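Enquirer: The structure is given below, and queries will be raised subsequently.
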Amino acid sequence: MTPDIADASGVRIVLEGRARLRWARAEASRWRLVEIWPSERERRSLQRSLARGQKVLAVQGAAAVDVDLLDEEIADEHAVAPYLTQRDRGVATVRLTALDWAPESISREAQQFIEQQRRLHQAATGGRAAVLTPALGRRRNLRLVHIDSLDVDRLSSACVQQLAELAFPHPFHHRRRRYEHVPRREGHPGGSCDGRIDHREHR
């Protein structure tokens with residue numbers, strides 16, 4: 001099980017990329033894609049959270065991720081249609097764009113900040129960049145953390161907690177943590193941070 005949206009000590013966490021794919025077992029060794037997060041209900045819920053000032057952290061390894069799916073892996077064509085970019089010879093390509101659930105102005109500001117900081121980091125060190133945006137939005141309650149080439153689907157719950165504490169440190173120390181999980185296919189084990197959150201935050 002991989003966290004898709006986590007509610008930890010009042011911080012709502014969105015894992016971007018492949019983590020947004022929801023799978024269900026069709027047979028003993030066969031999985032089918034049943035939904036792509038967020039559903040309309042979940043989108044409205046997240047927008048309400050932002051509007052009332054709840055802290056939201058999104059985690060990405062890239063601004064957009066393309067995923068190839070076999071036609072027989074798709075259980076609901078309607079769910080895939082908004083994300084479909086190409087279909088050829090039984091293979092469908094869907095594009096998962098980070099922050100497409102947030103207001104466009106916030107998404108644009110976040111990605112522009114990250115790209116600017118990545119260019120500065122790569123010019124200085126040539127290494128992999130980790131960037132945490134300032135608090136964004138009218139309520140200043142949304143942040144996006146980007147780590148180059150991060151496989152978000154493999155993050156462990158402990159790593160997710162560390163990222164949330166990095167972004168919003170104060171609420172974390174005195175409350176219990178609760179996570180919401182979504183099904184994923186076998187062969188995608190959870191992972192650890194592997195030291196990746198030790199990168200200095202870029203402001």
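In the structure tokens, each chain is lettered A, B, ... as it comes, each chain's residues begin at 1, and ligands are numbered from 1 in order of appearance.
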Near A:Arg22, counting only C-alpha atoms, which residues have an atom at most 6 Å away, once you skip same-chain residues fewer than 5 positions from it, shown as a ChimeraX atom specification?
Expert: /A:33-36,183
Enquirer: Per DSSP on the backbone, what are the helix (DSSP H, G or I) residues of stretch 11-171 of chain A, as a count of residues only?
Expert: 63
Enquirer: I want to know what sits within 12 Å of stretch 122-135 of chain A, based on only C-alpha atoms, with residues of the same chain fewer than 4 positions away left out; could you give that as a ChimeraX atom specification?
Expert: /A:50,53-62,106-118,139-150,163-164,166-168,195-203
Enquirer: Quick one: pull the distance between atom CA of A:Ser39 and atom CA of A:Leu21, Å, one decimal.
Expert: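 Straight-line distance from atom CA of A:Ser39 to atom CA of A:Leu21 works out to 11.2 Å.
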Enquirer: Quick one: pick out all strand (DSSP E or B) residues within stretch 2-146 of chain A from a backbone DSSP run and write them as a count of residues only.
Expert: 61
Enquirer: What's the 8 Å shell around A:Thr93, counting only C-alpha atoms, without same-chain residues fewer than 3 positions away, as a ChimeraX atom specification?
Expert: /A:66-69,84-87
